[in-house]
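To start, the structure itself, in structure tokens.
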Amino acid sequence: MSLQLFSKVLVAVTIGTSGAYAAAPAKPAPPAKPAPPEAKPTPPMPNPPAPPSQPAPPNQNQFEGIGRIDQVTRDSGGAIYRLDLSKALPLVRLEAKSKMGRMKVYSTNLVTDKNERIPVRQLGGVYVEEAGQPVSSEVFNFQTNIAAIEILTEAMGGEGALEIKAISTKEAPKLALGTAVPEFSCKKTLDPVLKDKLDPIQLWVSRAESSAPGSVQEKFAGNQLKDQVSDFISTIRSGGSYTTSAYLLTLINFFGDQYNAVRAGGVSEPAYKDLLNGTFDVLILSIQNEMPCRRFPSDALIKIALDLNKKYQGLPEGARAKAAYSNMMNKIRDYAPNQYRKEVAAANFTFRQADTEGTNFYKLYITAPEGAFLKTVHRDMSAHVYMIAEQALQREVKLMDIEQRYQLIVEYQAKFNSNEFPQAVAQRYLNILSDSSYILRLLR
């Protein structure tokens with residue numbers, strides 16, 4: 001076919017004018033049945049999330065401090081290393097660079113001067129290569145004083161040394177390898193220890209609940225209970241061992257039930273609230289850090305969120321734990337799309353595989369009623385996988401002949417004109433398929 005003839009054919013194609021975890025005691029709630037779609041315009045597909053941005057040229061001076069971790073462990077699952085700042089400072093961002101060998105950074109956390117941990121999203125689940133460029137974190141948009149940096153990392157196959165650069169606008173951070181964090185172990189579970197520590201908690205709760213409100217007896221029992229709760233929370237946060245996911249969820253539901261049941265205004269009420277929040281914090285940290293013993297794929301996160309949502313729906317209005325369950329179910333649900341993004345990025349999907357996956361999630365999104373618990377999750381997951389499909393199409397189109405490209409143009413032109421496929425995605429596909437630079441290469 002001559003170039004002139006193919007151009008006429010191509011002009012005739014109208015592109016359009018429109019813009020696993022173990023089950024907790026309660027069974028998980030099944031997804032709500034989608035309501036029949038109303039006769040209304042298809043909701044617009046959100047733009048795919050923008051790639052992580054690099055810091056803009058600073059308007060003020062930036063100061064750098066470097067800490068080094070030598071002899072990074074080769075043990076499977078890695079170890080946690082802590083770099084202490086001699087003076088707590090707000091940080092702008094971090095950089096990780098290999099000084100020897102190849103390493104995997106499982107997770108990175110900033111530890112504030114109030115001992116709170118802030119996960120560093122872009123320095124988790126990444127490989128740092130000896131010959132590669134430094135891996136940068138996201139730009140931090142908070143002014144919290146940071147006292148330390150904790151990194152869970154593992155050397156892959158040989159000796160490893162990792163350099164961490166901390167950047168601040170106040171002064172140069174001074175970093176030093178701090179007190180050793182207890183070695184992370186996938187072989188040491190805390191479940192039996194925690195079960196034993198529940199016994200004294202229940203004993204002092206029982207004594208407090210049987211005491212007269214405000215009595216010396218209740219106050220004494222309350223002080224003992226406070227000590228037992230503090231010991232329990234300290235143990236469950238231990239860095240040298242772990243609690244299984246199933247037992248974490250069992251504890252969350254148990255503490256939520258007890259928080260609802262105990263006497264209002266008594267000493268047991270804040271105790272169970274602290275236990276509920278402390279256990280949930282451990283669950284969130286394990287999700288954020290992707291610890292080897294507790295992995296949470298996106299479907300497991302959705303299942304946990306649905307379980308918590310079912311529990312929430314079953315609580316009466318005014319139940320003390322209802323607000324806590326609302327926070328927990330929404331927070332875990334909102335982690336699912338980002339986890340799914342990592343999964344599809346590593347899946348090596350073909351264009352057809354990714355497009356089919358995106359279409360399935362998009363249909364769940366547009367057919368779900370407004371306010372449905374998983375509606376935004378399905379929207380964001382479809383956006384992530386459609387972006388993977390677009391990247392795959394850019395690779396595969398170079399290997400297609402003109403007829404294959406034309407048939408795809410016909411297919412996605414029809415989808416562009418339908419109400420069951422996101423127009424913005426179809427338009428991007430059509431732009432790739434009709435790109436004249438590819439056609440000229442084919443006809444040479």
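We name chains A, B, ... following the order of the structure tokens; residues begin at 1 in each chain, and ligands are numbered from 1 as shown.
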Would you list the contacts of A:Lys87 as a PyMOL selection string, taking every protein, DNA or RNA residue within 8 Å and counting only C-alpha atoms, but skipping same-chain residues closer than 2 positions in sequence?
chain A and resi 85+89+147+173-174
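Using only C-alpha atoms, the nearest neighbour of A:Tyr412 within the list A:Ile284, A:Met400, A:Ala426, A:Arg82 is A:Ala426.
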Between A:Ile66, A:Leu393, A:Leu249, A:Ala414, single out the one closest to A:Asp191, counting only C-alpha atoms.
A:Leu249
Within 7 Å of A:Glu64, counting only C-alpha atoms, which residues show up once you throw out same-chain ones fewer than 5 positions away? Write them as a ChimeraX atom specification, please.
/A:165-168,172-173
I need the residues from that last selection saved to file as a PDB file, in the first residue's frame (with all heavy atoms), if you can.
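And here is the file that came out, out-v9.pdb:
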ATOM      1  N   LYS A 165      21.541   9.953  52.749  1.00  0.00           N
ATOM      2  CA  LYS A 165      21.733  11.403  52.794  1.00  0.00           C
ATOM      3  C   LYS A 165      20.429  12.051  53.267  1.00  0.00           C
ATOM      4  O   LYS A 165      19.375  11.807  52.699  1.00  0.00           O
ATOM      5  CB  LYS A 165      22.115  11.944  51.418  1.00  0.00           C
ATOM      6  CG  LYS A 165      22.354  13.456  51.393  1.00  0.00           C
ATOM      7  CD  LYS A 165      22.559  13.966  49.972  1.00  0.00           C
ATOM      8  CE  LYS A 165      23.866  13.449  49.390  1.00  0.00           C
ATOM      9  NZ  LYS A 165      24.098  14.013  48.032  1.00  0.00           N
ATOM     10  N   ALA A 166      20.520  12.864  54.310  1.00  0.00           N
ATOM     11  CA  ALA A 166      19.359  13.601  54.822  1.00  0.00           C
ATOM     12  C   ALA A 166      19.543  15.076  54.478  1.00  0.00           C
ATOM     13  O   ALA A 166      20.634  15.636  54.651  1.00  0.00           O
ATOM     14  CB  ALA A 166      19.236  13.411  56.325  1.00  0.00           C
ATOM     15  N   ILE A 167      18.478  15.701  53.991  1.00  0.00           N
ATOM     16  CA  ILE A 167      18.552  17.085  53.527  1.00  0.00           C
ATOM     17  C   ILE A 167      17.574  17.926  54.338  1.00  0.00           C
ATOM     18  O   ILE A 167      16.410  17.563  54.510  1.00  0.00           O
ATOM     19  CB  ILE A 167      18.220  17.163  52.027  1.00  0.00           C
ATOM     20  CG1 ILE A 167      19.203  16.291  51.232  1.00  0.00           C
ATOM     21  CG2 ILE A 167      18.257  18.605  51.527  1.00  0.00           C
ATOM     22  CD1 ILE A 167      18.792  16.025  49.813  1.00  0.00           C
ATOM     23  N   SER A 168      18.068  19.060  54.851  1.00  0.00           N
ATOM     24  CA  SER A 168      17.255  19.962  55.660  1.00  0.00           C
ATOM     25  C   SER A 168      17.487  21.397  55.213  1.00  0.00           C
ATOM     26  O   SER A 168      18.539  21.706  54.639  1.00  0.00           O
ATOM     27  CB  SER A 168      17.606  19.806  57.145  1.00  0.00           C
ATOM     28  OG  SER A 168      16.925  20.761  57.940  1.00  0.00           O
ATOM     29  N   ALA A 172      22.847  21.436  58.638  1.00  0.00           N
ATOM     30  CA  ALA A 172      23.275  20.121  58.162  1.00  0.00           C
ATOM     31  C   ALA A 172      22.974  19.056  59.220  1.00  0.00           C
ATOM     32  O   ALA A 172      23.466  19.155  60.345  1.00  0.00           O
ATOM     33  CB  ALA A 172      24.762  20.138  57.851  1.00  0.00           C
ATOM     34  N   PRO A 173      22.175  18.045  58.883  1.00  0.00           N
ATOM     35  CA  PRO A 173      21.905  16.976  59.847  1.00  0.00           C
ATOM     36  C   PRO A 173      23.178  16.168  60.105  1.00  0.00           C
ATOM     37  O   PRO A 173      23.944  15.889  59.194  1.00  0.00           O
ATOM     38  CB  PRO A 173      20.844  16.115  59.135  1.00  0.00           C
ATOM     39  CG  PRO A 173      20.297  16.974  58.039  1.00  0.00           C
ATOM     40  CD  PRO A 173      21.413  17.867  57.629  1.00  0.00           C
TER      41      PRO A 173
END
So the first atom is atom CA of A:Val120 and the second is atom CA of A:Tyr247; what is the distance between them in Å, to one decimal place?
26.6 Å
Near-stretch 372-386 of chain A list (6 Å; only C-alpha atoms; drop same-chain fewer than 3 positions) as a list in words:
Pro48, Pro337, Arg341, Ala354, Asp355, Gly358, Phe361, Tyr362, Tyr365, Pro369 and Ala389 of chain A
Atom CA of A:Gln228 to atom CA of A:Ile201 measures 5.9 Å
Near A:Tyr325, counting only C-alpha atoms, which residues have an atom at most 8 Å away, once you skip same-chain residues fewer than 6 positions from it, shown as a list of chain:residue names?
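The filter keeps A:Leu308, A:Asn309, A:Lys311, A:Tyr312.
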Restricting the calculation to only C-alpha atoms: of A:Gln202, A:Thr356, A:Ser86, A:Gln143, which residue gets closest to A:Leu225?
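That would be A:Gln202, the residue with the smallest distance to A:Leu225.
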Can you work out which one of A:Ser326, A:Gln122, A:Gln407, A:Asn338 has the shortest atom-to-atom distance to A:Gln313, counting only C-alpha atoms?
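Nearest to A:Gln313: A:Ser326.
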Surrounding residues of A:Lys322 excluding itself and chain neighbours under 2 positions, 12 Å, only C-alpha atoms, as a list in words
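My list of contacting residues is Asn253, Gly256, Asp257, Tyr259, Asn260, Lys273, Leu276, Leu308, Asn309, Lys310, Lys311, Tyr312, Gln313, Gly314, Leu315, Pro316, Glu317, Gly318, Ala319, Arg320, Ala324, Tyr325, Ser326, Asn327, Met328 and Met329 of chain A.
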What gap, in Å, lies between atom CA of A:Pro119 and atom CA of A:Ile287?
10.5 Å
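Compared by their closest atoms to A:Leu123, and using only C-alpha atoms, the residues A:Thr144, A:Gln288, A:Val111, A:Arg237 rank with A:Gln288 nearest.
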Determine, counting only C-alpha atoms, which protein, DNA and RNA residues have an atom within 12 Å of an atom of A:Ser206; residues of the same chain fewer than 5 positions away are not included. Present the result as a PyMOL selection string.
chain A and resi 199-201+211+217-218+221-222+224-225+258+262-263+266-268
Selection to disk with N, CA, C and O atoms, as a PDB file, in the first residue's frame:
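In the end it all went to result.pdb:
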ATOM      1  N   ASP A 199      -4.073 -12.152  80.361  1.00  0.00           N
ATOM      2  CA  ASP A 199      -4.659 -12.642  81.619  1.00  0.00           C
ATOM      3  C   ASP A 199      -4.653 -11.584  82.720  1.00  0.00           C
ATOM      4  O   ASP A 199      -5.706 -11.315  83.322  1.00  0.00           O
ATOM      5  N   PRO A 200      -3.507 -10.947  83.036  1.00  0.00           N
ATOM      6  CA  PRO A 200      -3.553  -9.914  84.077  1.00  0.00           C
ATOM      7  C   PRO A 200      -4.394  -8.702  83.681  1.00  0.00           C
ATOM      8  O   PRO A 200      -4.993  -8.056  84.544  1.00  0.00           O
ATOM      9  N   ILE A 201      -4.457  -8.392  82.379  1.00  0.00           N
ATOM     10  CA  ILE A 201      -5.322  -7.288  81.945  1.00  0.00           C
ATOM     11  C   ILE A 201      -6.776  -7.605  82.288  1.00  0.00           C
ATOM     12  O   ILE A 201      -7.501  -6.781  82.868  1.00  0.00           O
ATOM     13  N   SER A 211     -15.854  -2.750  91.153  1.00  0.00           N
ATOM     14  CA  SER A 211     -15.666  -1.736  92.191  1.00  0.00           C
ATOM     15  C   SER A 211     -16.691  -0.626  92.030  1.00  0.00           C
ATOM     16  O   SER A 211     -17.231  -0.390  90.943  1.00  0.00           O
ATOM     17  N   GLN A 217     -10.773   1.469  95.615  1.00  0.00           N
ATOM     18  CA  GLN A 217     -10.593   0.149  95.014  1.00  0.00           C
ATOM     19  C   GLN A 217     -10.494   0.252  93.496  1.00  0.00           C
ATOM     20  O   GLN A 217      -9.622  -0.360  92.870  1.00  0.00           O
ATOM     21  N   GLU A 218     -11.388   1.056  92.905  1.00  0.00           N
ATOM     22  CA  GLU A 218     -11.357   1.214  91.450  1.00  0.00           C
ATOM     23  C   GLU A 218     -10.082   1.921  91.003  1.00  0.00           C
ATOM     24  O   GLU A 218      -9.462   1.538  90.007  1.00  0.00           O
ATOM     25  N   ALA A 221      -7.156  -0.516  91.176  1.00  0.00           N
ATOM     26  CA  ALA A 221      -7.236  -1.457  90.056  1.00  0.00           C
ATOM     27  C   ALA A 221      -6.888  -0.764  88.744  1.00  0.00           C
ATOM     28  O   ALA A 221      -6.234  -1.346  87.870  1.00  0.00           O
ATOM     29  N   GLY A 222      -7.313   0.493  88.618  1.00  0.00           N
ATOM     30  CA  GLY A 222      -7.018   1.248  87.403  1.00  0.00           C
ATOM     31  C   GLY A 222      -5.538   1.479  87.199  1.00  0.00           C
ATOM     32  O   GLY A 222      -5.026   1.411  86.070  1.00  0.00           O
ATOM     33  N   GLN A 224      -3.083  -0.463  88.319  1.00  0.00           N
ATOM     34  CA  GLN A 224      -2.490  -1.744  87.917  1.00  0.00           C
ATOM     35  C   GLN A 224      -2.812  -2.056  86.464  1.00  0.00           C
ATOM     36  O   GLN A 224      -1.969  -2.564  85.709  1.00  0.00           O
ATOM     37  N   LEU A 225      -4.041  -1.746  86.068  1.00  0.00           N
ATOM     38  CA  LEU A 225      -4.467  -1.990  84.687  1.00  0.00           C
ATOM     39  C   LEU A 225      -3.650  -1.151  83.717  1.00  0.00           C
ATOM     40  O   LEU A 225      -3.227  -1.636  82.652  1.00  0.00           O
ATOM     41  N   GLN A 258     -14.765  -5.261  73.834  1.00  0.00           N
ATOM     42  CA  GLN A 258     -14.637  -4.934  75.257  1.00  0.00           C
ATOM     43  C   GLN A 258     -14.765  -3.430  75.497  1.00  0.00           C
ATOM     44  O   GLN A 258     -15.340  -2.993  76.499  1.00  0.00           O
ATOM     45  N   VAL A 262     -17.563  -2.268  78.458  1.00  0.00           N
ATOM     46  CA  VAL A 262     -17.230  -1.885  79.834  1.00  0.00           C
ATOM     47  C   VAL A 262     -18.003  -0.631  80.254  1.00  0.00           C
ATOM     48  O   VAL A 262     -18.588   0.068  79.438  1.00  0.00           O
ATOM     49  N   ARG A 263     -17.942  -0.358  81.545  1.00  0.00           N
ATOM     50  CA  ARG A 263     -18.699   0.751  82.130  1.00  0.00           C
ATOM     51  C   ARG A 263     -18.207   2.093  81.593  1.00  0.00           C
ATOM     52  O   ARG A 263     -16.999   2.361  81.559  1.00  0.00           O
ATOM     53  N   GLY A 266     -15.491   4.562  83.390  1.00  0.00           N
ATOM     54  CA  GLY A 266     -14.641   3.805  84.298  1.00  0.00           C
ATOM     55  C   GLY A 266     -13.210   3.722  83.800  1.00  0.00           C
ATOM     56  O   GLY A 266     -12.880   4.170  82.694  1.00  0.00           O
ATOM     57  N   VAL A 267     -12.339   3.105  84.612  1.00  0.00           N
ATOM     58  CA  VAL A 267     -10.925   3.033  84.248  1.00  0.00           C
ATOM     59  C   VAL A 267     -10.670   2.035  83.128  1.00  0.00           C
ATOM     60  O   VAL A 267      -9.631   2.104  82.450  1.00  0.00           O
ATOM     61  N   SER A 268     -11.599   1.110  82.908  1.00  0.00           N
ATOM     62  CA  SER A 268     -11.408   0.110  81.850  1.00  0.00           C
ATOM     63  C   SER A 268     -11.634   0.696  80.457  1.00  0.00           C
ATOM     64  O   SER A 268     -11.084   0.195  79.468  1.00  0.00           O
TER      65      SER A 268
END
Closest atom pairs, stretch 161-280 of chain A residues within 8 Å of stretch 99-103 of chain A, only C-alpha atoms, as a Markdown table:
| residue | atom | partner | partner_atom | distance |
| --- | --- | --- | --- | --- |
| A:Ala161 | CA | A:Met100 | CA | 4.9 |
| A:Leu162 | CA | A:Lys99 | CA | 5.7 |
| A:Glu163 | CA | A:Lys99 | CA | 6.4 |
